[in-house]
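Undergrad: Dumping the structure here so I can ask a few things about it.
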Amino acid sequence: MSIMAKSVLTVALAFCGAAVAVAGEADGKVTFHKDVEPILQKNCQTCHRPSGMNISGMIAPMSLMDYAEVRPWAKAVAKAVEARQMPPWNASAKHNGKFSNERVLTDTEIATLGKWIAQGASRGNPADAPAPMTFPESGWNMGTPDLIVGFDKPYFVADDVEDLYQNITVTLTDEQLSEDKWISGIEFRPGSEVVHHIMGYKYSPGEQAGDQAKGLLGGNAPGADAGEFPEGYGMLLKKGSSLTFALHYHKESGPGTGVSDSSQMAFKFHDKPVMHEVKIWNISYGSFEIPPFEKKWRVGASQLFEEDTMLLGLMPHTHLRGVYAKYTAFYPDGKVEELLEVPTYDFNWQTTYKYKDIKVLPKGTRMEMELHFDNSAENAERGKFNPAQTVRFGGPTTDEMDLAWITTAPAAEMDAATKTAAATTGD
Ligand code: HEC
């Protein structure tokens with residue numbers, strides 16, 4: 001008798017629960033597990049997790065992995081996404097859908113986060129939670145590398161250092177690389193918290209190490225993802241090559257602040273033939289002079305493509321005074337296409353905009369880049385540079401750079417002979 005009553009009660013409760021859930025949906029009750037957690041998983045957790053994606057100088061300040069971690073940040077989260085500060089992505093919204101590494105929330109997602117706060121940021125039913133995100137066990141975002149290269153010995157960043165640009169070059173041994181390989185992925189891992197960024201360069205045997213116009217592999221500047229090339233595309237790493245870590249160390253100076261650093265770069269190699277050799281190079285004017293207190297100084301340059309070329313990615317690079325970037329293609333048939341506009345360029349986020357569908361630039365295409373610099377006291381980075389200065393091209397962030405980086409490959413497939421030659425001229 002009592003058992004009967006109990007089961008009737010259970011059924012009634014279950015019904016009741018279902019009715020509430022439906023009503024909840026109808027009046028739009030937003031909960032963490034049901035509505036918010038999936039958005040954070042997809043758009044925030046690669047960076048906002050313990051030992052989050054190490055993006056050097058810009059390590060995410062807090063983990064957003066579960067309700068307990070997110071709740072104290074709920075208001076800040078809603079504010080950051082409404083202002084479109086988070087997730088970090090500076091390209092104009094007109095390009096949405098074009099780049100594979102896009103970090104953009106939809107209007108609906110932003111509204112959902114806002115509603116969640118307005119309704120009291122409730123947790124909801126843990127049974128609604130999506131499966132937790134999993135991250136590669138190796139700790140490398142691109143998955144387990146085929147080759148990891150470090151310094152020959154740790155580098156000591158001395159007590160008196162505040163900013164230091166240091167190149168460290170290592171030569172690959174035959175044990176590390178016994179034959180020429182096509183790179184499919186490159187990733188950098190800072191070996192200490194004083195690494196602000198790392199750029200990597202490769203030099204084949206016989207090439208001059210330190211010639212940074214050549215052999216750029218990529219870097220882990222804030223915002224950069226692992227460099228990955230699709231099937232058929234790669235960079236050649238020859239047996240016996242040298243690799244340069246171009247490091248920017250940044251820390252407070254003083255007794256006892258010295259840190260030992262052992263940064264690494266890692267590679268994945270293609271196991272299928274590569275038809276297109278990828279190069280990262282730049283369009284730059286170089287000899288600009290930005291006058292003191294100038295609010296909007298435009299620097300431009302252009303490049304003619306003499307062969308059909310595949311365009312894989314774009315990365316505008318300036319220092320603190322850069323505020324705007326644009327790449328435009330002028331096609332031989334007269335058509336003009338704005339490839340990329342970055343209306344709110346931010347030095348802190350060095351993003352490579354990677355094409356979802358690799359773009360063809362027919363022979364005769366001219367690409368134009370335009371960069372704007374703000375050398376005034378109103379610049380958001382004011383205080384970090386002296387606006388009374390005339391500014392020219394230079395390494396330190398208080399000088400400027402006007403590099404419109406592009407990742408390209410010849411459209412024509414390498415013929416078998418070239419491919420073999422490329423793969424056998426190792427020494
Ligand atoms: C590419 C890495 C990355 C992604 C993706 C990312 N963040 Fe961040 N976030 C950062 C870094 C780095 C900072 C600290 C630097 C800064 O404030 O600009 C930060 C700062 C924040 C802050 C400000 C914290 C404070 O101190 O006030 C909030 C809030 C935030 N993120 C929320 C989010 C949310 C929500 C998402 C997803 C919708 C997201 N972030 C996606 C890297 C990231």
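We label chains A, B, ... in the order they appear in the structure tokens, count residues from 1 in each chain, and number ligands from 1 in the order shown.
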As an mmCIF file with N, CA and C atoms, in the first residue's frame, please: all residues of segment 85-299 of chain A that backbone DSSP puts in alpha helix (DSSP H).
TA:
```cif
data_model
loop_
_atom_site.group_PDB
_atom_site.id
_atom_site.type_symbol
_atom_site.label_atom_id
_atom_site.label_comp_id
_atom_site.auth_asym_id
_atom_site.auth_seq_id
_atom_site.Cartn_x
_atom_site.Cartn_y
_atom_site.Cartn_z
ATOM 1 N N ASP A 107 25.203 36.988 -32.095
ATOM 2 C CA ASP A 107 24.377 37.899 -31.298
ATOM 3 C C ASP A 107 23.544 37.111 -30.295
ATOM 4 N N THR A 108 23.048 35.938 -30.713
ATOM 5 C CA THR A 108 22.225 35.108 -29.827
ATOM 6 C C THR A 108 23.034 34.642 -28.624
ATOM 7 N N GLU A 109 24.276 34.240 -28.869
ATOM 8 C CA GLU A 109 25.123 33.782 -27.756
ATOM 9 C C GLU A 109 25.386 34.921 -26.766
ATOM 10 N N ILE A 110 25.644 36.105 -27.304
ATOM 11 C CA ILE A 110 25.884 37.259 -26.422
ATOM 12 C C ILE A 110 24.622 37.559 -25.607
ATOM 13 N N ALA A 111 23.472 37.506 -26.280
ATOM 14 C CA ALA A 111 22.199 37.771 -25.591
ATOM 15 C C ALA A 111 21.948 36.725 -24.501
ATOM 16 N N THR A 112 22.288 35.469 -24.785
ATOM 17 C CA THR A 112 22.099 34.396 -23.804
ATOM 18 C C THR A 112 22.906 34.670 -22.541
ATOM 19 N N LEU A 113 24.170 35.089 -22.715
ATOM 20 C CA LEU A 113 25.003 35.377 -21.546
ATOM 21 C C LEU A 113 24.437 36.553 -20.753
ATOM 22 N N GLY A 114 23.953 37.568 -21.446
ATOM 23 C CA GLY A 114 23.359 38.731 -20.789
ATOM 24 C C GLY A 114 22.120 38.348 -19.996
ATOM 25 N N LYS A 115 21.286 37.520 -20.608
ATOM 26 C CA LYS A 115 20.044 37.071 -19.977
ATOM 27 C C LYS A 115 20.354 36.244 -18.726
ATOM 28 N N TRP A 116 21.375 35.427 -18.835
ATOM 29 C CA TRP A 116 21.761 34.571 -17.711
ATOM 30 C C TRP A 116 22.057 35.424 -16.475
ATOM 31 N N ILE A 117 22.834 36.498 -16.664
ATOM 32 C CA ILE A 117 23.157 37.399 -15.554
ATOM 33 C C ILE A 117 21.882 38.065 -15.044
ATOM 34 N N ALA A 118 21.100 38.584 -15.981
ATOM 35 C CA ALA A 118 19.885 39.319 -15.596
ATOM 36 C C ALA A 118 18.957 38.440 -14.757
#
```
Undergrad: Name the residues in contact with Gly232 of chain A at a cut-off of 10 Å, using only C-alpha atoms, excluding same-chain residues fewer than 2 positions from it; report them as a count of residues only.
TA: 14
Undergrad: Can you pull out every residue within 9 Å of Asp346 of chain A, counting only C-alpha atoms, but drop anything in the same chain fewer than 3 positions away, and send it as a list in words?
TA: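 Residues near the query, excluding close chain neighbours: Asn90, Thr318, His319, Leu320, Gly322, Val323, Tyr324, Val342, Trp349 and Gln350 of chain A.
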Undergrad: How about saving the chosen residues, all heavy atoms kept, as a PDB file, in the first residue's frame?
TA:
```
ATOM      1  N   ASN A  90      39.983  40.798 -33.753  1.00  0.00           N
ATOM      2  CA  ASN A  90      39.918  42.199 -34.127  1.00  0.00           C
ATOM      3  C   ASN A  90      39.504  42.473 -35.568  1.00  0.00           C
ATOM      4  O   ASN A  90      39.397  43.621 -35.975  1.00  0.00           O
ATOM      5  CB  ASN A  90      41.259  42.881 -33.829  1.00  0.00           C
ATOM      6  CG  ASN A  90      41.575  42.843 -32.352  1.00  0.00           C
ATOM      7  OD1 ASN A  90      42.336  41.999 -31.883  1.00  0.00           O
ATOM      8  ND2 ASN A  90      40.950  43.704 -31.594  1.00  0.00           N
ATOM      9  N   THR A 318      52.267  45.439 -36.274  1.00  0.00           N
ATOM     10  CA  THR A 318      52.882  46.711 -35.912  1.00  0.00           C
ATOM     11  C   THR A 318      53.213  46.616 -34.428  1.00  0.00           C
ATOM     12  O   THR A 318      52.965  45.583 -33.807  1.00  0.00           O
ATOM     13  CB  THR A 318      51.905  47.897 -36.090  1.00  0.00           C
ATOM     14  OG1 THR A 318      50.934  47.856 -35.032  1.00  0.00           O
ATOM     15  CG2 THR A 318      51.195  47.851 -37.432  1.00  0.00           C
ATOM     16  N   HIS A 319      53.742  47.700 -33.872  1.00  0.00           N
ATOM     17  CA  HIS A 319      53.960  47.741 -32.428  1.00  0.00           C
ATOM     18  C   HIS A 319      52.864  48.589 -31.779  1.00  0.00           C
ATOM     19  O   HIS A 319      51.746  48.621 -32.272  1.00  0.00           O
ATOM     20  CB  HIS A 319      55.369  48.263 -32.135  1.00  0.00           C
ATOM     21  CG  HIS A 319      56.438  47.260 -32.497  1.00  0.00           C
ATOM     22  ND1 HIS A 319      57.765  47.560 -32.597  1.00  0.00           N
ATOM     23  CD2 HIS A 319      56.338  45.936 -32.794  1.00  0.00           C
ATOM     24  CE1 HIS A 319      58.455  46.476 -32.920  1.00  0.00           C
ATOM     25  NE2 HIS A 319      57.607  45.484 -33.056  1.00  0.00           N
ATOM     26  N   LEU A 320      53.232  49.254 -30.650  1.00  0.00           N
ATOM     27  CA  LEU A 320      52.218  49.905 -29.803  1.00  0.00           C
ATOM     28  C   LEU A 320      51.355  50.948 -30.504  1.00  0.00           C
ATOM     29  O   LEU A 320      50.201  51.153 -30.152  1.00  0.00           O
ATOM     30  CB  LEU A 320      52.917  50.572 -28.606  1.00  0.00           C
ATOM     31  CG  LEU A 320      53.627  49.598 -27.662  1.00  0.00           C
ATOM     32  CD1 LEU A 320      54.596  50.351 -26.757  1.00  0.00           C
ATOM     33  CD2 LEU A 320      52.598  48.830 -26.834  1.00  0.00           C
ATOM     34  N   GLY A 322      50.294  51.034 -33.649  1.00  0.00           N
ATOM     35  CA  GLY A 322      49.418  50.561 -34.727  1.00  0.00           C
ATOM     36  C   GLY A 322      47.979  50.477 -34.266  1.00  0.00           C
ATOM     37  O   GLY A 322      47.701  49.988 -33.172  1.00  0.00           O
ATOM     38  N   VAL A 323      47.050  51.011 -35.076  1.00  0.00           N
ATOM     39  CA  VAL A 323      45.637  51.006 -34.679  1.00  0.00           C
ATOM     40  C   VAL A 323      44.709  50.439 -35.759  1.00  0.00           C
ATOM     41  O   VAL A 323      43.526  50.205 -35.494  1.00  0.00           O
ATOM     42  CB  VAL A 323      45.142  52.429 -34.295  1.00  0.00           C
ATOM     43  CG1 VAL A 323      45.801  52.887 -33.004  1.00  0.00           C
ATOM     44  CG2 VAL A 323      45.378  53.425 -35.424  1.00  0.00           C
ATOM     45  N   TYR A 324      45.220  50.206 -36.961  1.00  0.00           N
ATOM     46  CA  TYR A 324      44.333  49.820 -38.056  1.00  0.00           C
ATOM     47  C   TYR A 324      45.156  49.087 -39.112  1.00  0.00           C
ATOM     48  O   TYR A 324      46.315  49.439 -39.349  1.00  0.00           O
ATOM     49  CB  TYR A 324      43.708  51.084 -38.662  1.00  0.00           C
ATOM     50  CG  TYR A 324      42.890  50.861 -39.910  1.00  0.00           C
ATOM     51  CD1 TYR A 324      41.501  50.701 -39.827  1.00  0.00           C
ATOM     52  CD2 TYR A 324      43.491  50.828 -41.172  1.00  0.00           C
ATOM     53  CE1 TYR A 324      40.741  50.506 -40.972  1.00  0.00           C
ATOM     54  CE2 TYR A 324      42.731  50.634 -42.319  1.00  0.00           C
ATOM     55  CZ  TYR A 324      41.363  50.477 -42.216  1.00  0.00           C
ATOM     56  OH  TYR A 324      40.604  50.289 -43.339  1.00  0.00           O
ATOM     57  N   VAL A 342      41.144  45.270 -40.265  1.00  0.00           N
ATOM     58  CA  VAL A 342      41.212  45.168 -38.800  1.00  0.00           C
ATOM     59  C   VAL A 342      41.031  46.578 -38.252  1.00  0.00           C
ATOM     60  O   VAL A 342      41.988  47.327 -38.107  1.00  0.00           O
ATOM     61  CB  VAL A 342      42.563  44.560 -38.347  1.00  0.00           C
ATOM     62  CG1 VAL A 342      42.592  44.387 -36.835  1.00  0.00           C
ATOM     63  CG2 VAL A 342      42.819  43.232 -39.046  1.00  0.00           C
ATOM     64  N   TRP A 349      47.279  41.445 -29.373  1.00  0.00           N
ATOM     65  CA  TRP A 349      46.792  40.224 -29.996  1.00  0.00           C
ATOM     66  C   TRP A 349      47.342  40.126 -31.404  1.00  0.00           C
ATOM     67  O   TRP A 349      46.850  40.786 -32.304  1.00  0.00           O
ATOM     68  CB  TRP A 349      45.262  40.203 -30.008  1.00  0.00           C
ATOM     69  CG  TRP A 349      44.719  40.120 -28.626  1.00  0.00           C
ATOM     70  CD1 TRP A 349      44.154  41.132 -27.908  1.00  0.00           C
ATOM     71  CD2 TRP A 349      44.717  38.970 -27.779  1.00  0.00           C
ATOM     72  NE1 TRP A 349      43.804  40.676 -26.666  1.00  0.00           N
ATOM     73  CE2 TRP A 349      44.141  39.354 -26.560  1.00  0.00           C
ATOM     74  CE3 TRP A 349      45.150  37.645 -27.936  1.00  0.00           C
ATOM     75  CZ2 TRP A 349      43.988  38.467 -25.496  1.00  0.00           C
ATOM     76  CZ3 TRP A 349      44.996  36.777 -26.883  1.00  0.00           C
ATOM     77  CH2 TRP A 349      44.419  37.188 -25.682  1.00  0.00           C
ATOM     78  N   GLN A 350      48.363  39.289 -31.575  1.00  0.00           N
ATOM     79  CA  GLN A 350      48.990  39.131 -32.888  1.00  0.00           C
ATOM     80  C   GLN A 350      48.324  37.944 -33.580  1.00  0.00           C
ATOM     81  O   GLN A 350      48.799  36.822 -33.510  1.00  0.00           O
ATOM     82  CB  GLN A 350      50.489  38.907 -32.727  1.00  0.00           C
ATOM     83  CG  GLN A 350      51.208  40.093 -32.112  1.00  0.00           C
ATOM     84  CD  GLN A 350      51.278  41.284 -33.042  1.00  0.00           C
ATOM     85  OE1 GLN A 350      51.401  41.123 -34.254  1.00  0.00           O
ATOM     86  NE2 GLN A 350      51.176  42.475 -32.494  1.00  0.00           N
TER      87      GLN A 350
END
```
Undergrad: Please report, as a PyMOL selection string, each residue of segment 97-253 of chain A to which DSSP assigns strand (DSSP E) when run on this structure's backbone.
TA: chain A and resi 147-150+155-157+163-171+181-189+195-203+216-219+227-228+233-237+242-250
Undergrad: So that I have them on file, write out the residues from the current selection with N, CA and C atoms, as a short mmCIF file (atom, residue, chain, number, x, y, z; two decimals), in the first residue's frame.
TA:
```cif
data_model
loop_
_atom_site.label_atom_id
_atom_site.label_comp_id
_atom_site.auth_asym_id
_atom_site.auth_seq_id
_atom_site.Cartn_x
_atom_site.Cartn_y
_atom_site.Cartn_z
N LEU A 147 58.64 15.94 -33.47
CA LEU A 147 59.98 16.40 -33.07
C LEU A 147 59.83 17.60 -32.15
N ILE A 148 60.52 17.54 -31.00
CA ILE A 148 60.54 18.68 -30.08
C ILE A 148 61.98 19.16 -29.97
N VAL A 149 62.20 20.45 -30.19
CA VAL A 149 63.55 20.99 -30.16
C VAL A 149 63.65 22.04 -29.05
N GLY A 150 64.67 21.92 -28.22
CA GLY A 150 64.90 22.90 -27.15
C GLY A 150 66.26 23.54 -27.31
N TYR A 155 68.74 29.03 -20.86
CA TYR A 155 69.26 30.39 -20.95
C TYR A 155 68.87 31.15 -19.69
N PHE A 156 69.86 31.79 -19.05
CA PHE A 156 69.56 32.52 -17.83
C PHE A 156 69.25 33.98 -18.14
N VAL A 157 68.03 34.40 -17.84
CA VAL A 157 67.62 35.79 -18.06
C VAL A 157 67.99 36.54 -16.77
N ASP A 163 63.73 44.27 -20.59
CA ASP A 163 63.39 43.82 -21.93
C ASP A 163 64.65 43.33 -22.60
N LEU A 164 64.58 42.13 -23.15
CA LEU A 164 65.76 41.58 -23.81
C LEU A 164 65.32 40.82 -25.05
N TYR A 165 65.95 41.17 -26.18
CA TYR A 165 65.72 40.41 -27.42
C TYR A 165 66.92 39.51 -27.62
N GLN A 166 66.71 38.22 -27.53
CA GLN A 166 67.82 37.28 -27.54
C GLN A 166 67.57 36.20 -28.59
N ASN A 167 68.54 36.00 -29.49
CA ASN A 167 68.42 34.91 -30.45
C ASN A 167 69.21 33.70 -29.97
N ILE A 168 68.60 32.55 -30.00
CA ILE A 168 69.29 31.32 -29.64
C ILE A 168 69.13 30.35 -30.81
N THR A 169 70.26 29.91 -31.36
CA THR A 169 70.22 29.04 -32.54
C THR A 169 70.72 27.66 -32.19
N VAL A 170 70.00 26.65 -32.62
CA VAL A 170 70.44 25.26 -32.41
C VAL A 170 70.49 24.58 -33.78
N THR A 171 71.41 23.64 -33.92
CA THR A 171 71.50 22.90 -35.17
C THR A 171 70.98 21.49 -34.95
N LYS A 181 62.15 16.60 -44.14
CA LYS A 181 60.73 16.35 -43.83
C LYS A 181 59.90 17.58 -44.19
N TRP A 182 58.66 17.31 -44.54
CA TRP A 182 57.71 18.40 -44.79
C TRP A 182 56.93 18.67 -43.51
N ILE A 183 56.99 19.92 -43.05
CA ILE A 183 56.33 20.31 -41.80
C ILE A 183 54.83 20.48 -42.04
N SER A 184 54.03 19.87 -41.18
CA SER A 184 52.57 20.08 -41.24
C SER A 184 52.08 20.93 -40.07
N GLY A 185 52.88 20.99 -39.00
CA GLY A 185 52.46 21.77 -37.84
C GLY A 185 53.66 22.27 -37.05
N ILE A 186 53.55 23.47 -36.53
CA ILE A 186 54.62 24.07 -35.72
C ILE A 186 53.97 24.71 -34.50
N GLU A 187 54.58 24.47 -33.36
CA GLU A 187 54.04 25.12 -32.16
C GLU A 187 55.19 25.49 -31.22
N PHE A 188 55.02 26.55 -30.50
CA PHE A 188 56.07 27.05 -29.60
C PHE A 188 55.60 26.95 -28.16
N ARG A 189 56.53 26.63 -27.28
CA ARG A 189 56.17 26.58 -25.87
C ARG A 189 57.20 27.35 -25.05
N VAL A 195 58.98 34.82 -20.76
CA VAL A 195 58.96 34.86 -22.23
C VAL A 195 57.77 35.69 -22.67
N HIS A 196 58.02 36.80 -23.32
CA HIS A 196 56.91 37.59 -23.83
C HIS A 196 56.45 37.04 -25.18
N HIS A 197 57.39 36.79 -26.07
CA HIS A 197 57.03 36.03 -27.27
C HIS A 197 58.25 35.34 -27.87
N ILE A 198 57.97 34.38 -28.74
CA ILE A 198 59.02 33.65 -29.46
C ILE A 198 58.67 33.68 -30.94
N MET A 199 59.64 34.00 -31.77
CA MET A 199 59.47 33.78 -33.20
C MET A 199 60.47 32.69 -33.58
N GLY A 200 60.10 31.85 -34.53
CA GLY A 200 61.02 30.79 -34.93
C GLY A 200 61.42 30.94 -36.39
N TYR A 201 62.69 30.65 -36.70
CA TYR A 201 63.20 30.71 -38.06
C TYR A 201 63.96 29.43 -38.36
N LYS A 202 63.94 29.02 -39.61
CA LYS A 202 64.73 27.85 -40.01
C LYS A 202 65.72 28.24 -41.10
N TYR A 203 66.89 27.65 -41.04
CA TYR A 203 67.92 27.89 -42.04
C TYR A 203 68.45 26.56 -42.50
N LEU A 216 60.96 32.23 -41.93
CA LEU A 216 60.09 32.37 -40.76
C LEU A 216 59.18 31.14 -40.64
N LEU A 217 59.13 30.60 -39.43
CA LEU A 217 58.28 29.43 -39.17
C LEU A 217 56.97 29.84 -38.52
N GLY A 218 56.99 30.97 -37.84
CA GLY A 218 55.83 31.41 -37.08
C GLY A 218 56.27 31.79 -35.69
N GLY A 219 55.32 31.91 -34.80
CA GLY A 219 55.68 32.32 -33.46
C GLY A 219 54.54 32.10 -32.50
N GLY A 227 50.76 26.74 -35.82
CA GLY A 227 50.73 26.86 -37.28
C GLY A 227 50.48 25.48 -37.86
N GLU A 228 49.40 25.33 -38.59
CA GLU A 228 49.13 24.02 -39.16
C GLU A 228 48.80 24.17 -40.64
N TYR A 233 50.16 20.87 -48.43
CA TYR A 233 50.89 22.12 -48.18
C TYR A 233 51.85 21.92 -47.01
N GLY A 234 53.06 22.43 -47.14
CA GLY A 234 53.99 22.29 -46.03
C GLY A 234 55.23 23.13 -46.21
N MET A 235 56.03 23.17 -45.16
CA MET A 235 57.35 23.81 -45.24
C MET A 235 58.38 22.72 -45.15
N LEU A 236 59.47 22.91 -45.90
CA LEU A 236 60.50 21.88 -45.93
C LEU A 236 61.51 22.11 -44.80
N LEU A 237 61.75 21.09 -44.00
CA LEU A 237 62.78 21.16 -42.97
C LEU A 237 63.87 20.17 -43.39
N SER A 242 69.43 24.61 -39.19
CA SER A 242 69.51 25.32 -37.91
C SER A 242 68.17 25.97 -37.64
N LEU A 243 67.85 26.05 -36.36
CA LEU A 243 66.60 26.68 -35.95
C LEU A 243 66.95 27.81 -35.00
N THR A 244 66.37 28.98 -35.25
CA THR A 244 66.61 30.11 -34.36
C THR A 244 65.35 30.42 -33.56
N PHE A 245 65.51 30.51 -32.25
CA PHE A 245 64.47 31.05 -31.39
C PHE A 245 64.77 32.54 -31.25
N ALA A 246 63.91 33.39 -31.76
CA ALA A 246 64.07 34.84 -31.55
C ALA A 246 63.16 35.18 -30.39
N LEU A 247 63.77 35.39 -29.23
CA LEU A 247 62.99 35.52 -27.99
C LEU A 247 62.89 36.96 -27.54
N HIS A 248 61.73 37.32 -27.07
CA HIS A 248 61.58 38.59 -26.36
C HIS A 248 61.27 38.24 -24.91
N TYR A 249 62.24 38.54 -24.04
CA TYR A 249 62.03 38.34 -22.60
C TYR A 249 61.59 39.65 -21.99
N HIS A 250 60.68 39.58 -21.07
CA HIS A 250 60.18 40.79 -20.42
C HIS A 250 59.89 40.47 -18.96
#
```
Undergrad: Report as a Markdown table the residues of chain A within 10 Å of ligand 1, each with its shortest atom pair and distance in Å (one decimal), using only C-alpha atoms and all ligand atoms, ordered by chain and increasing residue number.
TA:
```
| residue | atom | partner | partner_atom_place_in_ligand_line | distance |
| --- | --- | --- | --- | --- |
| A:Val36 | CA | ligand 1 | 35 (C) | 9.7 |
| A:Ile39 | CA | ligand 1 | 38 (C) | 6.8 |
| A:Leu40 | CA | ligand 1 | 37 (C) | 5.4 |
| A:Gln41 | CA | ligand 1 | 37 (C) | 8.1 |
| A:Lys42 | CA | ligand 1 | 37 (C) | 7.8 |
| A:Asn43 | CA | ligand 1 | 37 (C) | 4.6 |
| A:Cys44 | CA | ligand 1 | 37 (C) | 3.5 |
| A:Gln45 | CA | ligand 1 | 5 (C) | 6.7 |
| A:Thr46 | CA | ligand 1 | 5 (C) | 6.1 |
| A:Cys47 | CA | ligand 1 | 2 (C) | 4.3 |
| A:His48 | CA | ligand 1 | 7 (N) | 6.1 |
| A:Arg49 | CA | ligand 1 | 43 (C) | 9.7 |
| A:Gly52 | CA | ligand 1 | 2 (C) | 8.4 |
| A:Met53 | CA | ligand 1 | 2 (C) | 7.2 |
| A:Asn54 | CA | ligand 1 | 2 (C) | 8.8 |
| A:Ile55 | CA | ligand 1 | 12 (C) | 7.2 |
| A:Ser56 | CA | ligand 1 | 12 (C) | 8.7 |
| A:Gly57 | CA | ligand 1 | 12 (C) | 7.8 |
| A:Met58 | CA | ligand 1 | 12 (C) | 4.0 |
| A:Ile59 | CA | ligand 1 | 12 (C) | 4.4 |
| A:Ala60 | CA | ligand 1 | 11 (C) | 3.7 |
| A:Pro61 | CA | ligand 1 | 14 (C) | 5.4 |
| A:Met62 | CA | ligand 1 | 24 (C) | 7.2 |
| A:Ser63 | CA | ligand 1 | 8 (Fe) | 9.3 |
| A:Leu64 | CA | ligand 1 | 35 (C) | 7.9 |
| A:Val70 | CA | ligand 1 | 35 (C) | 8.9 |
| A:Trp73 | CA | ligand 1 | 29 (C) | 6.3 |
| A:Ala74 | CA | ligand 1 | 29 (C) | 7.7 |
| A:Lys75 | CA | ligand 1 | 29 (C) | 7.7 |
| A:Ala76 | CA | ligand 1 | 29 (C) | 4.3 |
| A:Val77 | CA | ligand 1 | 29 (C) | 3.9 |
| A:Ala78 | CA | ligand 1 | 35 (C) | 6.9 |
| A:Lys79 | CA | ligand 1 | 29 (C) | 7.0 |
| A:Ala80 | CA | ligand 1 | 29 (C) | 5.2 |
| A:Val81 | CA | ligand 1 | 35 (C) | 6.0 |
| A:Glu82 | CA | ligand 1 | 35 (C) | 9.6 |
| A:Arg84 | CA | ligand 1 | 38 (C) | 8.9 |
| A:Gln85 | CA | ligand 1 | 18 (O) | 7.5 |
| A:Met86 | CA | ligand 1 | 39 (C) | 4.7 |
| A:Pro87 | CA | ligand 1 | 41 (C) | 3.7 |
| A:Pro88 | CA | ligand 1 | 4 (C) | 5.9 |
| A:Trp89 | CA | ligand 1 | 1 (C) | 8.3 |
| A:Glu102 | CA | ligand 1 | 5 (C) | 9.8 |
| A:Arg103 | CA | ligand 1 | 5 (C) | 6.7 |
| A:Val104 | CA | ligand 1 | 38 (C) | 8.0 |
| A:Leu105 | CA | ligand 1 | 38 (C) | 6.8 |
| A:Glu109 | CA | ligand 1 | 38 (C) | 8.9 |
| A:Ile110 | CA | ligand 1 | 38 (C) | 8.5 |
| A:Leu113 | CA | ligand 1 | 35 (C) | 8.7 |
| A:Pro222 | CA | ligand 1 | 1 (C) | 7.7 |
| A:Gly223 | CA | ligand 1 | 1 (C) | 5.3 |
| A:Ala224 | CA | ligand 1 | 1 (C) | 8.0 |
| A:Asp225 | CA | ligand 1 | 1 (C) | 8.4 |
| A:Asp346 | CA | ligand 1 | 18 (O) | 10.0 |
| A:Asn348 | CA | ligand 1 | 18 (O) | 7.7 |
| A:Trp349 | CA | ligand 1 | 1 (C) | 8.4 |
| A:Thr351 | CA | ligand 1 | 1 (C) | 9.3 |
```
Undergrad: Using C-alpha atoms, can you write the selected residues to a file as a short mmCIF file (atom, residue, chain, number, x, y, z; two decimals), in the first residue's frame?
TA:
```cif
data_model
loop_
_atom_site.label_atom_id
_atom_site.label_comp_id
_atom_site.auth_asym_id
_atom_site.auth_seq_id
_atom_site.Cartn_x
_atom_site.Cartn_y
_atom_site.Cartn_z
CA VAL A 36 26.03 29.02 -20.85
CA ILE A 39 29.20 28.66 -25.18
CA LEU A 40 32.15 28.85 -22.79
CA GLN A 41 33.44 25.45 -23.86
CA LYS A 42 33.42 26.38 -27.52
CA ASN A 43 34.73 29.92 -27.24
CA CYS A 44 36.64 30.49 -24.02
CA GLN A 45 38.12 27.39 -22.43
CA THR A 46 41.13 26.90 -24.73
CA CYS A 47 42.54 29.98 -23.02
CA HIS A 48 40.60 30.17 -19.75
CA ARG A 49 41.65 26.92 -18.11
CA GLY A 52 45.58 27.55 -20.49
CA MET A 53 46.88 27.84 -23.98
CA ASN A 54 50.15 29.61 -23.36
CA ILE A 55 49.88 32.71 -25.39
CA SER A 56 52.95 34.22 -23.76
CA GLY A 57 52.48 37.76 -22.47
CA MET A 58 48.71 37.28 -22.51
CA ILE A 59 47.95 34.30 -20.28
CA ALA A 60 44.25 34.27 -19.42
CA PRO A 61 43.94 35.46 -15.83
CA MET A 62 41.29 32.99 -14.65
CA SER A 63 39.93 29.56 -15.40
CA LEU A 64 36.32 29.32 -16.64
CA VAL A 70 32.60 31.15 -13.62
CA TRP A 73 33.23 36.33 -12.98
CA ALA A 74 29.66 36.23 -14.34
CA LYS A 75 29.23 40.01 -14.64
CA ALA A 76 32.70 40.51 -16.08
CA VAL A 77 32.01 37.76 -18.62
CA ALA A 78 28.78 39.39 -19.82
CA LYS A 79 30.47 42.77 -20.03
CA ALA A 80 33.50 41.47 -21.92
CA VAL A 81 31.40 39.65 -24.52
CA GLU A 82 28.96 42.55 -24.98
CA ARG A 84 33.26 42.24 -27.97
CA GLN A 85 36.55 42.34 -26.05
CA MET A 86 36.26 38.59 -25.51
CA PRO A 87 36.89 36.32 -27.20
CA PRO A 88 39.76 38.38 -28.66
CA TRP A 89 39.27 38.89 -32.42
CA GLU A 102 37.69 32.92 -36.12
CA ARG A 103 36.78 33.72 -32.52
CA VAL A 104 33.40 35.40 -32.65
CA LEU A 105 30.19 34.96 -30.66
CA GLU A 109 25.12 33.78 -27.76
CA ILE A 110 25.88 37.26 -26.42
CA LEU A 113 25.00 35.38 -21.55
CA PRO A 222 49.76 36.47 -28.12
CA GLY A 223 46.77 35.24 -30.08
CA ALA A 224 48.72 32.94 -32.38
CA ASP A 225 47.52 29.36 -32.68
CA ASP A 346 45.52 45.71 -30.99
CA ASN A 348 48.46 42.72 -27.65
CA TRP A 349 46.79 40.22 -30.00
CA THR A 351 46.42 37.14 -34.80
#
```
Undergrad: Give me the residues within 9 Å of Ser302 of chain A as a VMD selection string, counting only C-alpha atoms and dropping any in the same chain fewer than 6 places off.
TA: chain A and resid 283 to 285 366 to 370
